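Visitor: One structure follows; several queries about it will come next.
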Amino acid sequence: MENKDIKLINEDGTRIDGRRPDELRPIRMKVGLLERADGSAYLEWGGNKILAAVYGPREMYPKHQQDPARAVVRARYSMAPFSVDERKRPGPDRRSVELSMVISNALSAAVLTEEFPRTVIDVFIEVLQADAGTRIAGLTAASLALADAGIPMRDLVVGCTAGKIEGVVVLDLNKEEDNYGEADVPLGILPRTGEIVLFQMDGMMTEEELCTALDMAYNAAMEIHRMQVKALKDVYMKEAEEGGE
Amino acid sequence: MENKDIKLINEDGTRIDGRRPDELRPIRMKVGLLERADGSAYLEWGGNKILAAVYGPREMYPKHQQDPARAVVRARYSMAPFSVDERKRPGPDRRSVELSMVISNALSAAVLTEEFPRTVIDVFIEVLQADAGTRIAGLTAASLALADAGIPMRDLVVGCTAGKIEGVVVLDLNKEEDNYGEADVPLGILPRTGEIVLFQMDGMMTEEELCTALDMAYNAAMEIHRMQVKALKDVYMKEAEEGGE
Amino acid sequence: MENKDIKLINEDGTRIDGRRPDELRPIRMKVGLLERADGSAYLEWGGNKILAAVYGPREMYPKHQQDPARAVVRARYSMAPFSVDERKRPGPDRRSVELSMVISNALSAAVLTEEFPRTVIDVFIEVLQADAGTRIAGLTAASLALADAGIPMRDLVVGCTAGKIEGVVVLDLNKEEDNYGEADVPLGILPRTGEIVLFQMDGMMTEEELCTALDMAYNAAMEIHRMQVKALKDVYMKEAEEGGE
Amino acid sequence: MSTKLTESIMSEIKREYIESALSRGERIDGRGMDEFREIKIEKGIIPRAEGSAMVTLGNTKVLAGIKVEPGEPFPDTPDRGVMTTNAELVPVASPTFEPGPPGEDAVELARVVDRGIRESGMIDLGALVVEPGEKVWIVFIDLYILDYDGNLFDASSLAAVAALTDTVVPAERWDLGEDFKLPVTKLPVSTTFVKIGKNILLDPSRDEEAIAQARITVTTTEGGMINAVQKGLSGTFTMDEVRKVINKSIVIGEQVRERYLR
Amino acid sequence: MSTKLTESIMSEIKREYIESALSRGERIDGRGMDEFREIKIEKGIIPRAEGSAMVTLGNTKVLAGIKVEPGEPFPDTPDRGVMTTNAELVPVASPTFEPGPPGEDAVELARVVDRGIRESGMIDLGALVVEPGEKVWIVFIDLYILDYDGNLFDASSLAAVAALTDTVVPAERWDLGEDFKLPVTKLPVSTTFVKIGKNILLDPSRDEEAIAQARITVTTTEGGMINAVQKGLSGTFTMDEVRKVINKSIVIGEQVRERYLR
Amino acid sequence: MSTKLTESIMSEIKREYIESALSRGERIDGRGMDEFREIKIEKGIIPRAEGSAMVTLGNTKVLAGIKVEPGEPFPDTPDRGVMTTNAELVPVASPTFEPGPPGEDAVELARVVDRGIRESGMIDLGALVVEPGEKVWIVFIDLYILDYDGNLFDASSLAAVAALTDTVVPAERWDLGEDFKLPVTKLPVSTTFVKIGKNILLDPSRDEEAIAQARITVTTTEGGMINAVQKGLSGTFTMDEVRKVINKSIVIGEQVRERYLR
């Protein structure tokens, strides 16, 4: 996170892509597009293109990883080789191992895991094109895929990233802002209770800045949650219609 | 498969090693030379030197790979580090993974796998020196090793390669022809019925050329099959004699 | 083992660190310093700093490696990345695989393995700083950790290294002597019976030199064994005292 | 294990259903023996990649992404660019696909697709040289299988070929001159058949693949040239069957090329 | 499996014991909610390393060793040195740690420690350049967990920071001028809390970690700056709890810095 | 598991048979205690390799192949070629050998063979320099175990040494001057003994190895020099036994060298 010669904030306070500090990039969601998966969702968020699929609950293998009291939610975050400017070698790196872990934890907080002891719920998140904020976009898509798979949850999971660029706290960093900005704060919540299920930060911020960023991301997450609900409604209304034909 | 300055066909129609277009390289086969293996065979074919050994039927491990209805024939094609001009690093590469698969499939077509459910028949093919056509040489040797191990088969498996060099369809490419020729057609058959169990091709051929190549390889395979039968007879006659001493 | 310009033996017969040919480097031992391990020991020997920990006997996993008649003693020798001048990449290399094996064998000779069939006794040896002779230092520490874990043994295991530098047979090579000397003879024994449990050698020695080296290492091992006994007494007397308070 | 039991019963039922239809000369989805399922090709859907295409073949979905980067040529071909093909059976695509390095199915798939493209000379590798022997363009073809409903070979091959025709070499990003379209000279098409009993079917669905004895893929190019063949599975073909398949592949390949790739 | 049974009963007993103490506002080892266990830092204990420190936090023991070697810079930062952090959950430390490449716990640990140090700008990477774009100093931070009794994050972070302040760049060994102290400008401190029921506890012991629902680590530097946050485990925090933890981390971080690192 | 049972009974029967013969001072194959099985060495059987040799020792078969290629020297020995030894327990050789990267047995085997050759100075590495510090010849010794019937150490060592004496450095292929014979100055020979009860036996067969308590390999060279020792297995030797083995190894090693390697 180094400030090069790039100017991230214009004189009128807008950002390099013309957004206001608290403005989201365009978001599109689609639920249930894969044939084989038990549940699936596709999400475009700025330049991010992300596919999530759910399989399960199914028997946990190897057996010694079973939890006799609940289902294990096992998310796997993965980037396609062509999703970034320089080709990424296939296979997990340390970053994707960590992101898989924090996403697994965040989803576990929402799923009623105690209903399916000894099973695993596999959540696969494929980043087809990356444009900053992929972990939160992946989390948001994964939660839709879980809903599509009919997995009982006490709430959807939704999130947003805030950050700091050229001293200003802003919402939803894009790639240039992420590369040259000063801080990055991904946040995931359960919208019904406002509980925090994912929270990371790196960069350099004062306490006040961080709290501002948290509030900004929190409010945006609530807005994105409304899109989630709409996307789910769309698919089920469509199904109902088709069912009625 | 790039045509360099090398001239592969002489003015009299013979090839760089003096063979006619439809002439095989010298082939020698020896059955049952290893002490430990359940069956084994050694084959020299041109400059190829290939050892095949069979273990099994034996219990399949790990268990979840067992087939409750039949034996799994699991061939593993491997090249010794010193078998080629530039030392090959030990361990499987993508090419050997693919060849192991097509050879496994070809042998499975011959073995009466339904007689040994839940077991594995391991076939190890070691290329000690490589000189083009190793997959077919390995397949031919493997089938002898299976016979030597007493594995019930509905037929031996045998094969030959044809190809195209400087526009001419020829039999049994050697290394230079394989490197600088225009196409390569490995074929494996069950000689009794003439069924095709292995068939690959790469290069550039017309339909007519490919069919000519197939016929050529087919006929040669029948000839090589006679050598297989002789090699097996030799070893059993020798055993019978020794048994009678 | 190449002799550079370095002079390893002074004119008065002493070595570059001032020792006589048959003199040990300073050795310090401490038993039972880790909280979690079943047994542990820390050993400083010259510049070597080595930690050994024992877990077990515990159920052997995977099961097919169980020995129905006895416990398996499984030592793992490992060097910390910062233990040597040039950072060592984490993970086992071929050298550590071999040393783990010879140390496992040497410890197995002492442990009454028949008392714990089907189990494994894990011995972890971590070289935190390396200064020649680490395998023997690790073996000596491991044997203390086994004792600390209360594993029944017919004897402690102890060892020492001898070697040859500039034509002279000397005891307990240090790093420079190991790098530029002519031979290295690590020896491990059971002190009660004098049986040899570990013996390797590499370099160039006559029969007489090798036998001299063996005797020298053997006698030093007996001396180090007295330190082992003292270190164990110290810890148990301290425990007894504390128990009595 | 009741799931496994159910699976096994279901697969037996499907087998009978497919075979009984075939005995009447029909496929269960109503297709002719030599008919592809519906094909849809969307190019350019991953703008960050140098080229991309999503192919939908029935319910099978394959995304091909192309990256082009400068690198070293192979020592024995100093004056040619490099191409390399990788396939990932992404676990979103099927309950049986597992995360991890490519298994033998993924390796075979990548290698068969690669051979068809390479041997056809589709990419003019001679035009991908920056400095002979030192620096050439490396074309990475990455196949991402997203939904598996049979016939990955043809779907992947189509996706790779379509993505390559969509590819621009990003020379400017590397300060190596102006961007230019990847020089493409041929359009190889693969056609895959399976054998079920005596029947030979083009473009098998997943249910058909599950009960097939043998498989064969033939890749052809303009002018009736054959560039790659791969026989798969442990069943057999007769020589006559093989000849017919080769002939059909040339004819059908040309139709696919005309309709979807031109 | 009687061992497993015993373990499970023991852990239930421990849970009740810890929770009942917490319900009285107490921790089982008598500490206050925002109190660290005893901290001991020994620097320089591995003289062969370029820097080292052993940190004892209660019964938890972490050894950090620093190696510094010349190498190539990253292409996008030709004028900066490189730092890299690796953590090994060495199997001496716990019956549940297994030999082998770092698992997800070790990866998370290394990455969180790394972020705190990196984002604080602790190491002046701009001063670690030998020849821009060609040769820079690479700082390897290796964390060796030797005894695991809870809160590896703070113990590892302390060990890494202390070891870095002990580090001398071995320029002479590589014929690159005179040795010099690693230029260190900040002293980041991480503070880790867990949530058990409604209680939020600093520096959890292993028994407390075992029953915690959620974990949070905040790394702060001089002047109340926050450099890294990591929420862990599958439980949740309220926004209010998070704000309090952030504030406490700044205060307590400054105390630790003053007392142990200055 | 009836196979396992049978195996276990068979091995018990073999043990009694071998031990009872030894109690009469005999080995089951009639050999003397210090006698090798029949040794056969065929050099040059892999013409494509730079050197090769197949060694048959009783029923044990080891093929050694040598490749020699130009490469970089180690930084600390810029004026010396490089040698490296690798052993593959090829799964053709035994029902218990599995495909995959070398296990600990293969690693030990390769390292012991390597030490004997390296420490004897057999290969004149100083004569394998093309350009000091830049380019030297790398000698790859690959041991391929083809049939395992005991005593891989001596069979492999013999095969490696014989193959090295057969080796021509392929300088012409790399445009580095004329081909030349690999400069070989010594002929190290390893002799391996096992201990069964009180008996110490040279060149153990597989059945003897299966019941041996301890193993020792001593590699010696011209002039009675000892270059490598490796004690194996978990049994013990007395100091007296070790001294005798060392002495015998020198004597027998010289006989083998004279008879098979000169």
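By order of appearance in the structure tokens: chains A, B, ..., then residues from 1 within every chain, and ligands from 1 in the order shown.
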Env of stretch 142-158 of chain B: 9 Å cut, atoms = only C-alpha atoms, seq-sep filter 3 positions within chain, self excluded. Answer as an MDAnalysis selection string.

Guide: chainID B and resid 29:32 37:42 51:57 75 103 106:107 109:113 115 121 123:125 136:139 187:193 197 221:222 224:225 228:229 231:232 235

Visitor: Distance limit 6 Å, atoms considered: only C-alpha atoms. Which chain D residues sit that close to chain B? Return them as a PyMOL selection string.

Guide: chain D and resi 108+119+225-231+233-238

Visitor: As a list in words, list the residues of stretch 177-228 of chain E assigned to helix (DSSP H, G or I) by DSSP on the backbone atoms of this structure.

Guide: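 DSSP on the backbone gives helix (DSSP H, G or I) at Arg206, Asp207, Glu208, Glu209, Ala210, Ile211, Glu222, Gly223 and Gly224 of chain E.
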
Visitor: Output all heavy atoms for every residue in that selection, as a PDB file, in the first residue's frame.

Guide:
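Output (result_10.pdb):
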ATOM      1  N   ARG E 206      -4.750 -21.413  26.974  1.00  0.00           N
ATOM      2  CA  ARG E 206      -5.217 -22.493  26.103  1.00  0.00           C
ATOM      3  C   ARG E 206      -6.598 -22.994  26.507  1.00  0.00           C
ATOM      4  O   ARG E 206      -7.456 -23.235  25.661  1.00  0.00           O
ATOM      5  CB  ARG E 206      -4.213 -23.644  26.156  1.00  0.00           C
ATOM      6  CG  ARG E 206      -4.544 -24.817  25.281  1.00  0.00           C
ATOM      7  CD  ARG E 206      -3.363 -25.756  25.152  1.00  0.00           C
ATOM      8  NE  ARG E 206      -2.916 -26.214  26.450  1.00  0.00           N
ATOM      9  CZ  ARG E 206      -3.344 -27.329  27.046  1.00  0.00           C
ATOM     10  NH1 ARG E 206      -4.232 -28.099  26.448  1.00  0.00           N
ATOM     11  NH2 ARG E 206      -2.886 -27.674  28.228  1.00  0.00           N
ATOM     12  N   ASP E 207      -6.836 -23.115  27.803  1.00  0.00           N
ATOM     13  CA  ASP E 207      -8.152 -23.582  28.237  1.00  0.00           C
ATOM     14  C   ASP E 207      -9.228 -22.560  27.871  1.00  0.00           C
ATOM     15  O   ASP E 207     -10.340 -22.930  27.503  1.00  0.00           O
ATOM     16  CB  ASP E 207      -8.146 -23.837  29.747  1.00  0.00           C
ATOM     17  CG  ASP E 207      -7.379 -25.103  30.105  1.00  0.00           C
ATOM     18  OD1 ASP E 207      -7.199 -25.955  29.209  1.00  0.00           O
ATOM     19  OD2 ASP E 207      -6.949 -25.237  31.263  1.00  0.00           O
ATOM     20  N   GLU E 208      -8.916 -21.300  27.968  1.00  0.00           N
ATOM     21  CA  GLU E 208      -9.893 -20.273  27.597  1.00  0.00           C
ATOM     22  C   GLU E 208     -10.128 -20.289  26.080  1.00  0.00           C
ATOM     23  O   GLU E 208     -11.259 -20.197  25.613  1.00  0.00           O
ATOM     24  CB  GLU E 208      -9.417 -18.898  28.067  1.00  0.00           C
ATOM     25  CG  GLU E 208      -9.494 -18.738  29.596  1.00  0.00           C
ATOM     26  CD  GLU E 208      -8.754 -17.526  30.145  1.00  0.00           C
ATOM     27  OE1 GLU E 208      -7.894 -16.962  29.409  1.00  0.00           O
ATOM     28  OE2 GLU E 208      -9.005 -17.148  31.302  1.00  0.00           O
ATOM     29  N   GLU E 209      -9.057 -20.415  25.333  1.00  0.00           N
ATOM     30  CA  GLU E 209      -9.215 -20.495  23.869  1.00  0.00           C
ATOM     31  C   GLU E 209     -10.110 -21.655  23.469  1.00  0.00           C
ATOM     32  O   GLU E 209     -10.895 -21.560  22.521  1.00  0.00           O
ATOM     33  CB  GLU E 209      -7.853 -20.663  23.185  1.00  0.00           C
ATOM     34  CG  GLU E 209      -7.113 -19.361  22.967  1.00  0.00           C
ATOM     35  CD  GLU E 209      -5.843 -19.543  22.147  1.00  0.00           C
ATOM     36  OE1 GLU E 209      -5.516 -20.697  21.778  1.00  0.00           O
ATOM     37  OE2 GLU E 209      -5.178 -18.529  21.881  1.00  0.00           O
ATOM     38  N   ALA E 210      -9.958 -22.759  24.190  1.00  0.00           N
ATOM     39  CA  ALA E 210     -10.673 -23.972  23.791  1.00  0.00           C
ATOM     40  C   ALA E 210     -12.188 -23.777  23.844  1.00  0.00           C
ATOM     41  O   ALA E 210     -12.918 -24.471  23.142  1.00  0.00           O
ATOM     42  CB  ALA E 210     -10.251 -25.146  24.679  1.00  0.00           C
ATOM     43  N   ILE E 211     -12.657 -22.866  24.685  1.00  0.00           N
ATOM     44  CA  ILE E 211     -14.112 -22.697  24.800  1.00  0.00           C
ATOM     45  C   ILE E 211     -14.567 -21.332  24.275  1.00  0.00           C
ATOM     46  O   ILE E 211     -15.746 -20.985  24.395  1.00  0.00           O
ATOM     47  CB  ILE E 211     -14.595 -22.895  26.254  1.00  0.00           C
ATOM     48  CG1 ILE E 211     -14.032 -21.790  27.154  1.00  0.00           C
ATOM     49  CG2 ILE E 211     -14.201 -24.257  26.782  1.00  0.00           C
ATOM     50  CD1 ILE E 211     -14.750 -21.740  28.500  1.00  0.00           C
ATOM     51  N   GLU E 222       2.960   3.203  17.793  1.00  0.00           N
ATOM     52  CA  GLU E 222       3.129   4.505  18.422  1.00  0.00           C
ATOM     53  C   GLU E 222       2.085   5.497  17.894  1.00  0.00           C
ATOM     54  O   GLU E 222       1.759   5.508  16.713  1.00  0.00           O
ATOM     55  CB  GLU E 222       4.524   5.069  18.110  1.00  0.00           C
ATOM     56  CG  GLU E 222       5.657   4.473  18.928  1.00  0.00           C
ATOM     57  CD  GLU E 222       6.221   3.201  18.313  1.00  0.00           C
ATOM     58  OE1 GLU E 222       5.590   2.657  17.386  1.00  0.00           O
ATOM     59  OE2 GLU E 222       7.306   2.768  18.751  1.00  0.00           O
ATOM     60  N   GLY E 223       1.606   6.340  18.780  1.00  0.00           N
ATOM     61  CA  GLY E 223       0.687   7.398  18.359  1.00  0.00           C
ATOM     62  C   GLY E 223      -0.728   6.904  18.135  1.00  0.00           C
ATOM     63  O   GLY E 223      -1.531   7.538  17.455  1.00  0.00           O
ATOM     64  N   GLY E 224      -1.039   5.736  18.689  1.00  0.00           N
ATOM     65  CA  GLY E 224      -2.410   5.243  18.594  1.00  0.00           C
ATOM     66  C   GLY E 224      -2.823   4.819  17.204  1.00  0.00           C
ATOM     67  O   GLY E 224      -4.003   4.803  16.879  1.00  0.00           O
TER      68      GLY E 224
END

Visitor: Would you pick out the contacts of stretch 71-74 of chain D at 12 Å or less, using only C-alpha atoms, so that residues sharing its chain but fewer than 3 positions from it are not included, and give the list as a list in words?

Guide: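 Using only C-alpha atoms, the neighbours found are Val68, Thr77, Pro78, Asp79, Arg80, Gly81, Val82, Met83, Leu125, Gly126, Leu128, Val129, Val130, Glu131, Pro132, Gly133, Glu134, Lys135, Val136, Trp137, Ile138, Val139, Phe140 and Trp174 of chain D.
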
Visitor: Extract the full set of strand (DSSP E) residues from stretch 15-245 of chain A according to DSSP on the backbone, and format it as a count of residues only.

Guide: 74
